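Shown next: work12.txt, given as compact mmCIF, C-alpha atoms.
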```txt
# COMPACT_ATOMS: atom_id res chain seq x y z
CA MET A 1 92.63 -61.40 -3.33
CA GLY A 2 89.39 -63.35 -3.65
CA ARG A 3 86.47 -62.39 -5.85
CA PRO A 4 83.36 -60.78 -4.33
CA PHE A 5 80.89 -63.35 -2.96
CA GLY A 6 83.17 -66.16 -4.09
CA GLY A 7 82.84 -65.34 -7.79
CA GLY A 8 80.14 -67.96 -8.37
CA GLN A 9 76.48 -67.77 -9.35
CA ALA A 10 75.69 -65.76 -6.22
CA ALA A 11 78.01 -62.98 -7.43
CA VAL A 12 76.37 -63.06 -10.86
CA GLU A 13 72.94 -62.62 -9.29
CA VAL A 14 74.23 -59.64 -7.32
CA ALA A 15 75.57 -58.09 -10.53
CA LEU A 16 72.26 -58.62 -12.33
CA ALA A 17 70.45 -56.65 -9.64
CA VAL A 18 72.98 -54.07 -8.45
CA VAL A 19 74.09 -52.79 -11.87
CA PRO A 20 70.58 -51.71 -13.01
CA LEU A 21 69.91 -50.29 -9.53
CA LEU A 22 73.02 -48.11 -9.74
CA VAL A 23 71.97 -46.88 -13.19
CA VAL A 24 68.47 -45.93 -12.01
CA ALA A 25 69.83 -44.31 -8.83
CA GLY A 26 72.37 -42.35 -10.87
CA ALA A 27 69.63 -41.14 -13.22
CA ALA A 28 67.51 -40.03 -10.26
CA LEU A 29 70.41 -38.10 -8.70
CA TYR A 30 71.23 -36.45 -12.04
CA LEU A 31 67.64 -35.30 -12.60
CA ARG A 32 67.38 -34.10 -9.00
CA GLY A 33 70.45 -31.94 -9.44
CA GLN A 34 69.21 -30.49 -12.74
CA HIS A 35 65.81 -29.56 -11.30
CA ARG A 36 67.33 -27.98 -8.21
CA ARG A 37 69.75 -25.91 -10.27
CA TYR A 38 67.64 -24.91 -13.28
CA GLY A 39 64.01 -25.68 -12.47
CA ARG A 40 61.72 -26.96 -15.21
CA PRO A 41 63.56 -28.33 -18.30
CA HIS A 42 62.43 -26.51 -21.42
CA GLY A 43 63.38 -26.04 -25.06
CA LEU A 44 66.60 -27.26 -26.61
CA PRO A 45 68.54 -27.19 -23.31
CA GLY A 46 65.94 -29.49 -21.79
CA ARG A 47 66.28 -31.91 -24.71
CA LEU A 48 70.07 -31.83 -24.42
CA THR A 49 69.77 -32.51 -20.69
CA ALA A 50 67.69 -35.59 -21.52
CA ALA A 51 70.23 -36.55 -24.21
CA ALA A 52 73.02 -36.39 -21.63
CA LEU A 53 71.05 -38.76 -19.41
CA VAL A 54 70.44 -41.17 -22.29
CA THR A 55 74.14 -41.05 -23.22
CA GLY A 56 75.15 -41.87 -19.65
CA VAL A 57 72.77 -44.82 -19.50
CA ALA A 58 74.05 -46.02 -22.90
CA LEU A 59 77.66 -45.86 -21.67
CA ALA A 60 76.76 -47.87 -18.59
CA ALA A 61 74.98 -50.45 -20.76
CA TYR A 62 77.95 -50.59 -23.14
CA ALA A 63 80.33 -51.22 -20.23
CA VAL A 64 78.45 -54.27 -18.93
CA TRP A 65 76.65 -55.61 -22.02
CA PRO A 66 75.32 -58.30 -22.29
CA LEU A 67 75.48 -58.91 -18.48
CA PRO A 68 75.09 -62.71 -18.64
CA ALA A 69 72.62 -64.34 -16.31
CA SER A 70 74.90 -67.31 -15.67
CA ALA A 71 78.63 -67.95 -15.49
CA ASP A 72 78.34 -71.47 -16.95
CA GLY A 73 80.53 -71.74 -20.03
CA LEU A 74 81.38 -68.05 -19.94
CA CYS A 75 85.15 -68.50 -19.79
CA THR A 76 85.43 -71.45 -22.20
CA GLY A 77 86.59 -69.48 -25.21
CA ASN A 78 88.75 -66.87 -23.50
CA GLY A 79 91.60 -69.05 -22.37
CA SER A 80 92.12 -67.20 -19.09
CA SER A 81 90.38 -65.22 -16.46
CA GLY A 82 92.12 -61.99 -17.48
CA GLY A 83 90.25 -59.34 -19.42
CA TRP A 84 92.80 -56.96 -21.07
CA SER A 85 93.36 -57.99 -24.68
CA ALA A 86 96.67 -57.20 -26.34
CA ALA A 87 95.19 -57.82 -29.79
CA PRO A 88 92.36 -55.34 -30.50
CA PHE A 89 91.03 -57.27 -33.52
CA GLY A 90 91.28 -60.85 -34.72
CA GLY A 91 91.70 -63.89 -32.51
CA SER A 92 91.78 -63.57 -28.76
CA SER A 93 95.20 -63.05 -27.26
CA ALA A 94 96.86 -65.20 -24.70
CA GLY A 95 96.56 -62.55 -22.03
CA GLY A 96 92.98 -61.41 -22.16
CA GLY A 97 89.37 -61.58 -23.15
CA PRO A 98 87.61 -61.62 -26.50
CA PRO A 99 88.72 -59.28 -29.32
CA HIS A 100 86.91 -56.19 -30.56
CA THR A 101 84.61 -56.38 -33.55
CA ALA A 102 84.03 -53.61 -36.08
CA TRP A 103 80.52 -53.08 -34.71
CA ASP A 104 81.83 -52.83 -31.14
CA ALA A 105 84.43 -50.24 -32.15
CA ALA A 106 81.92 -48.20 -34.17
CA LEU A 107 79.47 -48.20 -31.25
CA ALA A 108 82.18 -46.98 -28.87
CA LEU A 109 83.19 -44.22 -31.30
CA GLY A 110 79.56 -43.09 -31.67
CA LEU A 111 78.94 -43.00 -27.92
CA PHE A 112 82.05 -40.97 -27.15
CA THR A 113 81.31 -38.62 -30.06
CA ALA A 114 78.01 -37.85 -28.33
CA VAL A 115 79.96 -37.26 -25.10
CA GLY A 116 82.18 -34.69 -26.82
CA LEU A 117 79.27 -32.94 -28.52
CA LEU A 118 77.36 -32.62 -25.25
CA ALA A 119 80.47 -31.50 -23.39
CA ARG A 120 80.77 -28.54 -25.77
CA HIS A 121 77.15 -27.65 -26.60
CA ARG A 122 75.40 -28.50 -23.31
CA PHE A 123 78.02 -28.24 -20.57
CA ARG A 124 80.33 -25.64 -22.20
CA ARG A 125 83.58 -27.50 -21.59
CA GLY A 126 86.81 -26.71 -23.41
CA PRO A 127 88.90 -29.14 -25.48
CA VAL A 128 91.25 -30.05 -22.62
CA ALA A 129 88.39 -30.78 -20.20
CA THR A 130 86.61 -32.77 -22.91
CA LEU A 131 89.78 -34.77 -23.56
CA VAL A 132 90.11 -35.59 -19.85
CA ILE A 133 86.42 -36.51 -19.57
CA GLY A 134 86.55 -38.77 -22.64
CA ALA A 135 89.73 -40.51 -21.48
CA ALA A 136 88.38 -41.01 -17.94
CA LEU A 137 85.08 -42.44 -19.15
CA ALA A 138 86.78 -44.72 -21.67
CA ALA A 139 89.25 -45.96 -19.05
CA SER A 140 86.36 -46.64 -16.64
CA VAL A 141 84.46 -48.61 -19.29
CA ALA A 142 87.57 -50.59 -20.18
CA ALA A 143 88.26 -51.33 -16.50
CA VAL A 144 84.73 -52.62 -15.93
CA ARG A 145 85.01 -54.83 -19.02
CA ALA A 146 88.52 -56.10 -18.27
CA THR A 147 87.69 -57.09 -14.70
CA GLY A 148 84.40 -58.84 -15.46
CA VAL A 149 82.23 -56.15 -13.81
CA LEU A 150 84.77 -55.49 -11.05
CA GLY A 151 85.31 -59.17 -10.32
CA LEU A 152 81.68 -60.25 -10.02
CA TYR A 153 82.13 -62.50 -13.07
CA PRO A 154 84.89 -65.14 -13.18
CA CYS A 155 86.35 -63.72 -16.41
CA ALA A 156 85.98 -60.90 -18.92
CA TYR A 157 83.14 -61.60 -21.35
CA ALA A 158 83.41 -58.32 -23.33
CA PRO A 159 86.44 -56.97 -25.24
CA ALA A 160 88.69 -54.46 -23.49
CA SER A 161 91.94 -53.10 -24.87
CA ALA A 162 93.89 -49.90 -25.41
CA LEU A 163 91.82 -49.40 -28.57
CA LEU A 164 88.76 -48.68 -26.43
CA VAL A 165 90.54 -45.86 -24.58
CA ALA A 166 91.85 -44.47 -27.86
CA LEU A 167 88.36 -44.52 -29.37
CA GLY A 168 87.05 -42.67 -26.33
CA VAL A 169 89.62 -39.90 -26.72
CA VAL A 170 89.19 -39.61 -30.50
CA GLY A 171 85.38 -39.72 -30.31
CA ALA A 172 85.20 -37.09 -27.56
CA LEU A 173 87.47 -34.71 -29.48
CA ALA A 174 85.57 -35.36 -32.72
CA GLY A 175 82.27 -34.55 -31.03
CA TRP A 176 83.67 -31.38 -29.47
CA THR A 177 85.08 -30.25 -32.84
CA ALA A 178 81.77 -30.94 -34.58
CA ALA A 179 79.89 -28.87 -31.99
CA ARG A 180 82.46 -26.08 -32.30
CA LEU A 181 82.79 -25.89 -36.08
CA LEU A 182 79.70 -27.44 -37.66
CA LEU A 183 76.84 -26.22 -35.45
CA PRO A 184 77.38 -22.56 -36.43
CA LEU A 185 76.78 -23.62 -40.05
CA TRP A 186 73.33 -24.97 -39.20
CA PRO A 187 70.48 -23.06 -40.93
CA GLY A 188 69.39 -20.26 -38.63
CA GLY A 189 72.55 -20.43 -36.56
CA PRO A 190 73.27 -22.47 -33.41
CA ALA A 191 70.69 -22.30 -30.66
CA ARG A 192 71.70 -21.93 -27.03
CA GLY A 193 72.43 -25.39 -25.65
CA TRP A 194 73.00 -24.71 -21.96
CA PRO A 195 69.99 -24.13 -19.71
CA ALA A 196 68.81 -20.95 -18.10
CA ALA A 197 67.13 -21.30 -14.71
CA VAL A 198 63.40 -20.56 -14.62
CA PRO A 199 60.91 -20.70 -11.73
CA ASP A 200 59.20 -24.09 -11.57
CA ARG A 201 55.63 -23.07 -10.75
CA VAL A 202 53.43 -24.40 -13.60
CA ASP A 203 51.61 -27.73 -13.43
CA PRO A 204 53.99 -30.57 -14.35
CA ALA A 205 53.56 -32.21 -17.74
CA LEU A 206 52.61 -35.84 -18.18
CA ASP A 207 56.09 -36.87 -19.36
CA ARG A 208 57.60 -35.49 -16.17
CA ARG A 209 55.11 -37.40 -14.05
CA MET A 210 55.78 -40.55 -16.07
CA THR A 211 59.52 -40.13 -15.50
CA GLY A 212 58.95 -39.95 -11.75
CA ALA A 213 56.76 -43.06 -11.85
CA LEU A 214 59.37 -45.00 -13.85
CA LEU A 215 62.10 -43.98 -11.42
CA ASP A 216 59.91 -45.21 -8.56
CA LEU A 217 59.34 -48.51 -10.34
CA GLY A 218 63.04 -48.99 -11.12
CA LEU A 219 64.23 -48.13 -7.62
CA TRP A 220 61.61 -50.43 -6.09
CA TRP A 221 62.07 -53.42 -8.40
CA PHE A 222 65.87 -53.42 -8.69
CA GLY A 223 66.26 -52.41 -5.04
CA ALA A 224 64.24 -55.44 -3.97
CA SER A 225 66.19 -57.65 -6.38
CA ALA A 226 69.48 -56.36 -4.97
CA VAL A 227 68.40 -56.98 -1.37
CA THR A 228 67.25 -60.50 -2.25
CA ALA A 229 70.50 -61.29 -4.11
CA LEU A 230 72.60 -60.01 -1.19
CA LEU A 231 70.59 -62.12 1.26
CA HIS A 232 71.32 -65.18 -0.87
CA ALA A 233 75.00 -64.27 -1.32
CA TYR A 234 75.60 -63.87 2.42
CA GLY A 235 73.66 -67.03 3.24
CA VAL A 236 70.95 -65.29 5.25
CA VAL A 237 68.27 -67.17 3.29
CA LEU A 238 68.57 -70.22 1.12
CA PRO A 239 68.16 -69.90 -2.66
CA LEU A 240 65.41 -72.53 -2.49
CA ALA A 241 63.25 -70.01 -0.62
CA GLY A 242 63.96 -67.29 -3.18
CA GLY A 243 60.35 -66.95 -4.36
CA ARG A 244 58.86 -66.19 -0.97
CA THR A 245 61.86 -64.08 0.02
CA GLY A 246 61.52 -61.98 -3.14
CA GLU A 247 57.82 -61.37 -2.50
CA ALA A 248 58.46 -60.37 1.09
CA VAL A 249 61.26 -57.98 0.13
CA LEU A 250 59.13 -56.44 -2.64
CA LEU A 251 56.24 -55.77 -0.28
CA GLY A 252 58.52 -54.54 2.51
CA LEU A 253 60.33 -52.10 0.25
CA ALA A 254 57.02 -50.90 -1.18
CA LEU A 255 55.83 -50.23 2.38
CA VAL A 256 58.92 -48.12 3.07
CA CYS A 257 58.98 -46.17 -0.21
CA ALA A 258 55.25 -45.65 -0.77
CA VAL A 259 53.89 -45.39 2.80
CA VAL A 260 56.60 -44.38 5.24
CA LEU A 261 58.73 -41.95 3.23
CA PRO A 262 55.86 -39.74 1.94
CA GLN A 263 54.59 -39.34 5.50
CA LEU A 264 58.02 -38.13 6.61
CA ARG A 265 58.69 -35.77 3.71
CA SER A 266 57.31 -32.25 3.56
CA ASP A 267 56.42 -32.60 -0.13
CA ARG A 268 54.62 -35.96 0.45
CA ALA A 269 56.41 -37.46 -2.57
CA THR A 270 57.88 -40.89 -3.15
CA PRO A 271 61.57 -41.05 -4.20
CA GLY A 272 60.95 -41.04 -7.97
CA PRO A 273 58.68 -37.96 -8.21
CA ALA A 274 60.85 -36.21 -5.60
CA ALA A 275 63.84 -36.62 -7.93
CA VAL A 276 62.05 -34.64 -10.67
CA GLY A 277 60.79 -31.97 -8.29
CA LEU A 278 57.18 -33.12 -7.84
CA ALA A 279 55.01 -32.99 -4.74
CA LEU A 280 51.46 -33.75 -3.61
CA GLY A 281 49.35 -30.72 -2.69
CA GLU A 282 45.83 -30.07 -1.49
CA ARG A 283 43.20 -29.43 -4.14
CA GLY A 284 42.79 -25.68 -4.59
CA SER A 285 45.33 -24.83 -1.88
CA PRO A 286 49.09 -24.06 -2.12
CA ARG A 287 50.10 -26.32 0.74
CA PRO A 288 51.22 -29.96 1.02
CA ALA A 289 48.51 -32.58 1.08
CA SER A 290 47.31 -33.92 4.40
CA ARG A 291 48.92 -37.12 5.54
CA TRP A 292 45.65 -39.04 5.64
CA ARG A 293 44.89 -38.03 2.04
CA VAL A 294 48.33 -39.20 0.93
CA LEU A 295 47.86 -42.51 2.76
CA LEU A 296 44.46 -43.01 1.15
CA ARG A 297 45.96 -42.31 -2.29
CA THR A 298 48.68 -44.86 -1.60
CA LEU A 299 46.12 -47.50 -0.65
CA LEU A 300 44.19 -46.83 -3.86
CA LEU A 301 47.13 -46.67 -6.29
CA GLN A 302 50.56 -47.90 -5.19
CA ALA A 303 49.37 -50.65 -2.84
CA PRO A 304 47.34 -52.61 -5.44
CA VAL A 305 50.15 -52.25 -7.98
CA ALA A 306 52.77 -53.53 -5.53
CA VAL A 307 50.65 -56.49 -4.41
CA LEU A 308 49.78 -57.51 -7.97
CA VAL A 309 53.41 -57.31 -9.12
CA ALA A 310 54.58 -59.32 -6.09
CA LEU A 311 51.99 -61.99 -6.91
CA GLY A 312 53.24 -62.24 -10.49
CA LEU A 313 50.33 -60.37 -12.12
CA PRO A 314 52.03 -57.48 -13.98
CA TRP A 315 49.22 -57.03 -16.51
CA ALA A 316 46.68 -56.53 -13.75
CA ALA A 317 49.01 -53.97 -12.13
CA LEU A 318 49.30 -52.19 -15.48
CA ALA A 319 45.50 -52.09 -15.70
CA VAL A 320 45.34 -50.38 -12.29
CA ALA A 321 47.86 -47.77 -13.44
CA ALA A 322 45.95 -47.24 -16.70
CA LEU A 323 42.70 -46.76 -14.77
CA HIS A 324 44.37 -44.06 -12.69
CA ALA A 325 45.82 -42.34 -15.79
CA CYS A 326 42.61 -42.33 -17.84
CA THR A 327 41.36 -39.09 -16.25
CA ALA A 328 44.80 -37.44 -16.35
CA LEU A 329 44.79 -37.67 -20.14
CA VAL A 330 41.59 -35.65 -20.54
CA ARG A 331 41.51 -33.22 -17.61
CA PRO A 332 43.26 -29.84 -17.92
CA ASP A 333 44.82 -30.18 -14.45
CA ARG A 334 46.11 -33.69 -15.28
CA ALA A 335 44.58 -35.17 -12.13
CA GLY A 336 44.47 -38.95 -11.97
CA LEU A 337 41.53 -40.98 -10.73
CA ALA A 338 43.09 -41.58 -7.30
CA ASP A 339 43.87 -37.85 -7.07
CA LEU A 340 40.22 -36.97 -7.70
CA VAL A 341 38.99 -39.44 -5.09
CA CYS A 342 41.47 -38.28 -2.42
CA GLY A 343 41.35 -34.56 -3.13
CA VAL A 344 45.06 -34.13 -3.93
CA ARG A 345 46.91 -32.78 -6.95
CA VAL A 346 50.39 -33.44 -8.31
CA ARG A 347 52.28 -30.14 -8.27
CA THR A 348 55.86 -28.96 -8.35
CA ARG A 349 57.76 -28.64 -5.11
CA SER A 350 58.48 -24.96 -5.81
CA SER A 351 54.77 -24.15 -6.05
CA LEU A 352 54.33 -25.39 -2.47
CA ASP A 353 57.43 -24.13 -0.68
CA GLY A 354 58.20 -21.11 -2.86
CA GLY A 355 61.73 -22.28 -3.60
CA LEU A 356 63.70 -21.00 -6.58
CA PRO A 357 66.42 -22.70 -8.65
CA SER A 358 69.91 -22.16 -7.29
CA ARG A 359 71.19 -20.87 -10.66
CA LEU A 360 68.39 -18.34 -11.10
CA VAL A 361 69.75 -14.84 -11.71
CA ARG A 362 68.29 -12.48 -9.10
CA TYR A 363 68.16 -8.74 -9.61
CA SER A 364 69.31 -6.49 -6.78
CA GLU A 365 69.16 -2.73 -7.00
CA PRO A 366 72.68 -1.22 -7.05
CA ARG A 367 73.66 0.96 -4.15
CA ALA A 368 74.44 4.60 -4.86
CA GLN A 369 78.10 5.57 -4.79
CA ALA A 370 78.86 7.80 -1.79
CA PRO A 371 81.38 10.64 -2.11
CA ASP A 372 84.74 10.35 -0.39
CA GLY A 373 84.46 10.68 3.35
CA ALA A 374 80.66 10.32 3.38
CA SER A 375 78.65 7.36 4.63
CA ALA A 376 77.12 5.03 2.02
CA GLU A 377 74.04 4.43 4.19
CA PRO A 378 71.05 6.72 3.75
CA ALA A 379 70.66 9.44 6.39
CA ARG A 380 68.21 8.69 9.14
CA PRO A 381 65.42 11.19 9.84
CA PRO A 382 65.86 13.19 13.06
CA ARG A 383 63.98 11.99 16.11
CA GLU A 384 61.02 14.05 17.14
CA PRO A 385 61.02 15.46 20.70
CA VAL A 386 58.87 13.63 23.18
```

The structure in this file should be written as structure tokens.
Amino acid sequence: MGRPFGGGQAAVEVALAVVPLLVVAGAALYLRGQHRRYGRPHGLPGRLTAAALVTGVALAAYAVWPLPASADGLCTGNGSSGGWSAAPFGGSSAGGGPPHTAWDAALALGLFTAVGLLARHRFRRGPVATLVIGAALAASVAAVRATGVLGLYPCAYAPASALLVALGVVGALAGWTAARLLLPLWPGGPARGWPAAVPDRVDPALDRRMTGALLDLGLWWFGASAVTALLHAYGVVLPLAGGRTGEAVLLGLALVCAVVLPQLRSDRATPGPAAVGLALGERGSPRPASRWRVLLRTLLLQAPVAVLVALGLPWAALAVAALHACTALVRPDRAGLADLVCGVRVRTRSSLDGGLPSRLVRYSEPRAQAPDGASAEPARPPREPV
């Protein structure tokens, strides 16, 4: 069975673009699910939710690190294209990739200890479920390492052995045990780690808006890079025309994400802010912003940033973003400069459509128990004669 895209430099370029795109897309889906279930993150549960996201990103980075930009000389010291090492430490074995180092093993143990702690304190999983989760994640990391990012690289460039799976199991159980036995000894007692759903009606904080903007930037940049790499890999465009192709794909994807999608969505949001439950509303009115106001805001904010980045002027694009944010830092409603000019405000989606988190506990008045043989429905008043 052949390697994807021939296993050459074209496959490496696809890996360099697709792997970060999958990480950003996974983070966006995770945050979307948390906001739809529990509403606004708050307190210790909100911090643990963010810690779970950071741990997932760290595991993904550990599985593919260092993600080489070129395959030249990558397999010189391994002796084969296989990736599973029979010797966990010491010299590389005849059947696999490079050996583990003490730092690599300690990092794996620390990451999976965090997985076990979060499984107990944030997600309320038992020891058996934590054991299965730790083993599955460790096996997935080892498989990605042993296959050279699922065959995109010609050989394994990171160590992968049974030791990695064992460290995942031991670390997950150690983290679960620490959360079970040591957290109750903390001064003041253990605080609740799992979230409680709350209505998401207050104005969003700046860190939440920044998260949405970073998700937009990551989806746009790595999405364009992935499209460009796939066009090169399939021979649609020549690598010599990569500069102009990259600029065209960047601008085209910016047109779709920043202009077309907000006009089609009821919350008028781009993909990143939509993932964290944000929307654009009219100033002083609980309804979505008008389409022409959203388009004008896009022309004032996202369009200059996209054009400047495509032209290779990231510092000028950063200056445009800073100019927009200067008023948001001092105003109580956190309105940016483009928001003030266009008459829109960044709000939560729930404040516009009245939606509630799916895990919110709703009170319903209990029905009175009816005696045997009687109807449980209240008696209807007799009809008056006409």

> Hey, what's within 9 Å of Ala316 of chain A if we count only C-alpha atoms and toss same-chain stuff fewer than 6 positions away? As a ChimeraX atom specification, please?
Replying inline: /A:305,308-309

>> When you look at segment 16-20 of chain A with a cut-off of 8 Å (counting all atoms listed in the file), what residues show up, excluding the ones that are within fewer than 6 positions of it in the same chain? I need them as a list in words.
In response: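 In the requested format, the answer is Leu67, Ala69, Phe222, Gly223, Ser225, Ala226 and Ala229 of chain A.
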
Can you report as AutoDock Vina command-line options the centre and edge lengths in Å, to one decimal, of an axis-aligned box around the listed atoms of segment 308-323 of chain A padded with 5 Å on each side?
```
--center_x 48.6 --center_y -54.5 --center_z -11.4 --size_x 21.9 --size_y 25.5 --size_z 20.6
```

> Excluding same-chain residues fewer than 3 positions from segment 175-178 of chain A, what lies within 12 Å of it counting all atoms listed in the file, as a count of residues only?
Replying inline: 37

> Which neighbours of Leu261 of chain A fall inside 12 Å, counting all atoms listed in the file, when residues of the same chain fewer than 2 positions from it are skipped, and could you give them as a ChimeraX atom specification?
Replying inline: /A:253-259,263-272,274,291,294-295,298

>> Between atom CA of Val341 of chain A and atom CA of Arg297 of chain A, what is the distance in Å, rounded to a tenth?
In response: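 Distance between the two atoms: 8.0 Å.
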
Neighbourhood query: residues within 12 Å of (37.4, -36.6, -6.5), file coordinates, counting only C-alpha atoms; return as an mmCIF file with C-alpha atoms, in the frame of the given file.
```cif
data_model
loop_
_atom_site.group_PDB
_atom_site.id
_atom_site.type_symbol
_atom_site.label_atom_id
_atom_site.label_comp_id
_atom_site.auth_asym_id
_atom_site.auth_seq_id
_atom_site.Cartn_x
_atom_site.Cartn_y
_atom_site.Cartn_z
ATOM 1 C CA GLU A 282 45.830 -30.070 -1.490
ATOM 2 C CA ARG A 283 43.200 -29.430 -4.140
ATOM 3 C CA ARG A 293 44.890 -38.030 2.040
ATOM 4 C CA ARG A 297 45.960 -42.310 -2.290
ATOM 5 C CA HIS A 324 44.370 -44.060 -12.690
ATOM 6 C CA THR A 327 41.360 -39.090 -16.250
ATOM 7 C CA ALA A 335 44.580 -35.170 -12.130
ATOM 8 C CA GLY A 336 44.470 -38.950 -11.970
ATOM 9 C CA LEU A 337 41.530 -40.980 -10.730
ATOM 10 C CA ALA A 338 43.090 -41.580 -7.300
ATOM 11 C CA ASP A 339 43.870 -37.850 -7.070
ATOM 12 C CA LEU A 340 40.220 -36.970 -7.700
ATOM 13 C CA VAL A 341 38.990 -39.440 -5.090
ATOM 14 C CA CYS A 342 41.470 -38.280 -2.420
ATOM 15 C CA GLY A 343 41.350 -34.560 -3.130
ATOM 16 C CA VAL A 344 45.060 -34.130 -3.930
ATOM 17 C CA ARG A 345 46.910 -32.780 -6.950
#
```

> Leaving out Val307 of chain A and any residue of its chain fewer than 5 positions from it, which residues lie within 12 Å of it when counting only C-alpha atoms, given as a PyMOL selection string?
Replying inline: chain A and resi 247-255+299-302+312-314+316-318+320

> So how many Å separate atom CA of Ala50 of chain A and atom CA of Asp203 of chain A, to one decimal?
Replying inline: 19.6 Å

>> Using all atoms listed in the file for the distances, tell me which of A:Trp65, A:Tyr157, A:Trp103, A:Trp220 is nearest to Leu21 of chain A.
In response: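 Checking each candidate against Leu21 of chain A, we get A:Trp220 as the closest.
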
> For Ser290 of chain A, which of A:Pro262, A:Arg359, A:Leu29, A:Thr49 is the closest residue, counting only C-alpha atoms?
Replying inline: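 The shortest atom-to-atom distance to Ser290 of chain A comes from A:Pro262.
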
>> I'd like the interatomic distance between atom CA of Ala51 of chain A and atom CA of Trp194 of chain A, to a tenth of an Å.
In response: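 Between these atoms lies a distance of 12.4 Å.
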
Missing atoms in segment 131-142 of chain A: can you complete it with N, CA, C and O atoms, as a PDB file, keeping the file's coordinate frame?
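And here is the file that came out, result-v3.pdb:
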```pdb
ATOM      1  N   LEU A 131      88.814 -33.683 -23.403  1.00  0.00           N
ATOM      2  CA  LEU A 131      89.780 -34.770 -23.560  1.00  0.00           C
ATOM      3  C   LEU A 131      89.910 -35.578 -22.275  1.00  0.00           C
ATOM      4  O   LEU A 131      89.915 -36.814 -22.295  1.00  0.00           O
ATOM      5  N   VAL A 132      89.981 -34.896 -21.139  1.00  0.00           N
ATOM      6  CA  VAL A 132      90.110 -35.590 -19.850  1.00  0.00           C
ATOM      7  C   VAL A 132      88.849 -36.401 -19.556  1.00  0.00           C
ATOM      8  O   VAL A 132      88.920 -37.551 -19.099  1.00  0.00           O
ATOM      9  N   ILE A 133      87.677 -35.801 -19.821  1.00  0.00           N
ATOM     10  CA  ILE A 133      86.420 -36.510 -19.570  1.00  0.00           C
ATOM     11  C   ILE A 133      86.312 -37.751 -20.445  1.00  0.00           C
ATOM     12  O   ILE A 133      85.955 -38.847 -19.976  1.00  0.00           O
ATOM     13  N   GLY A 134      86.620 -37.614 -21.743  1.00  0.00           N
ATOM     14  CA  GLY A 134      86.550 -38.770 -22.640  1.00  0.00           C
ATOM     15  C   GLY A 134      87.509 -39.869 -22.239  1.00  0.00           C
ATOM     16  O   GLY A 134      87.151 -41.058 -22.239  1.00  0.00           O
ATOM     17  N   ALA A 135      88.748 -39.497 -21.879  1.00  0.00           N
ATOM     18  CA  ALA A 135      89.730 -40.510 -21.480  1.00  0.00           C
ATOM     19  C   ALA A 135      89.312 -41.200 -20.181  1.00  0.00           C
ATOM     20  O   ALA A 135      89.455 -42.423 -20.038  1.00  0.00           O
ATOM     21  N   ALA A 136      88.795 -40.417 -19.216  1.00  0.00           N
ATOM     22  CA  ALA A 136      88.380 -41.010 -17.940  1.00  0.00           C
ATOM     23  C   ALA A 136      87.205 -41.964 -18.123  1.00  0.00           C
ATOM     24  O   ALA A 136      87.186 -43.064 -17.544  1.00  0.00           O
ATOM     25  N   LEU A 137      86.216 -41.557 -18.923  1.00  0.00           N
ATOM     26  CA  LEU A 137      85.080 -42.440 -19.150  1.00  0.00           C
ATOM     27  C   LEU A 137      85.484 -43.695 -19.900  1.00  0.00           C
ATOM     28  O   LEU A 137      85.036 -44.803 -19.572  1.00  0.00           O
ATOM     29  N   ALA A 138      86.337 -43.549 -20.919  1.00  0.00           N
ATOM     30  CA  ALA A 138      86.780 -44.720 -21.670  1.00  0.00           C
ATOM     31  C   ALA A 138      87.596 -45.667 -20.798  1.00  0.00           C
ATOM     32  O   ALA A 138      87.440 -46.897 -20.878  1.00  0.00           O
ATOM     33  N   ALA A 139      88.471 -45.111 -19.938  1.00  0.00           N
ATOM     34  CA  ALA A 139      89.250 -45.960 -19.050  1.00  0.00           C
ATOM     35  C   ALA A 139      88.342 -46.682 -18.048  1.00  0.00           C
ATOM     36  O   ALA A 139      88.569 -47.852 -17.718  1.00  0.00           O
ATOM     37  N   SER A 140      87.295 -45.998 -17.572  1.00  0.00           N
ATOM     38  CA  SER A 140      86.360 -46.640 -16.640  1.00  0.00           C
ATOM     39  C   SER A 140      85.609 -47.778 -17.321  1.00  0.00           C
ATOM     40  O   SER A 140      85.444 -48.863 -16.747  1.00  0.00           O
ATOM     41  N   VAL A 141      85.152 -47.552 -18.555  1.00  0.00           N
ATOM     42  CA  VAL A 141      84.460 -48.610 -19.290  1.00  0.00           C
ATOM     43  C   VAL A 141      85.386 -49.791 -19.527  1.00  0.00           C
ATOM     44  O   VAL A 141      85.001 -50.958 -19.351  1.00  0.00           O
ATOM     45  N   ALA A 142      86.619 -49.513 -19.938  1.00  0.00           N
ATOM     46  CA  ALA A 142      87.570 -50.590 -20.180  1.00  0.00           C
ATOM     47  C   ALA A 142      87.893 -51.365 -18.900  1.00  0.00           C
ATOM     48  O   ALA A 142      88.042 -52.595 -18.929  1.00  0.00           O
TER      49      ALA A 142
END
```
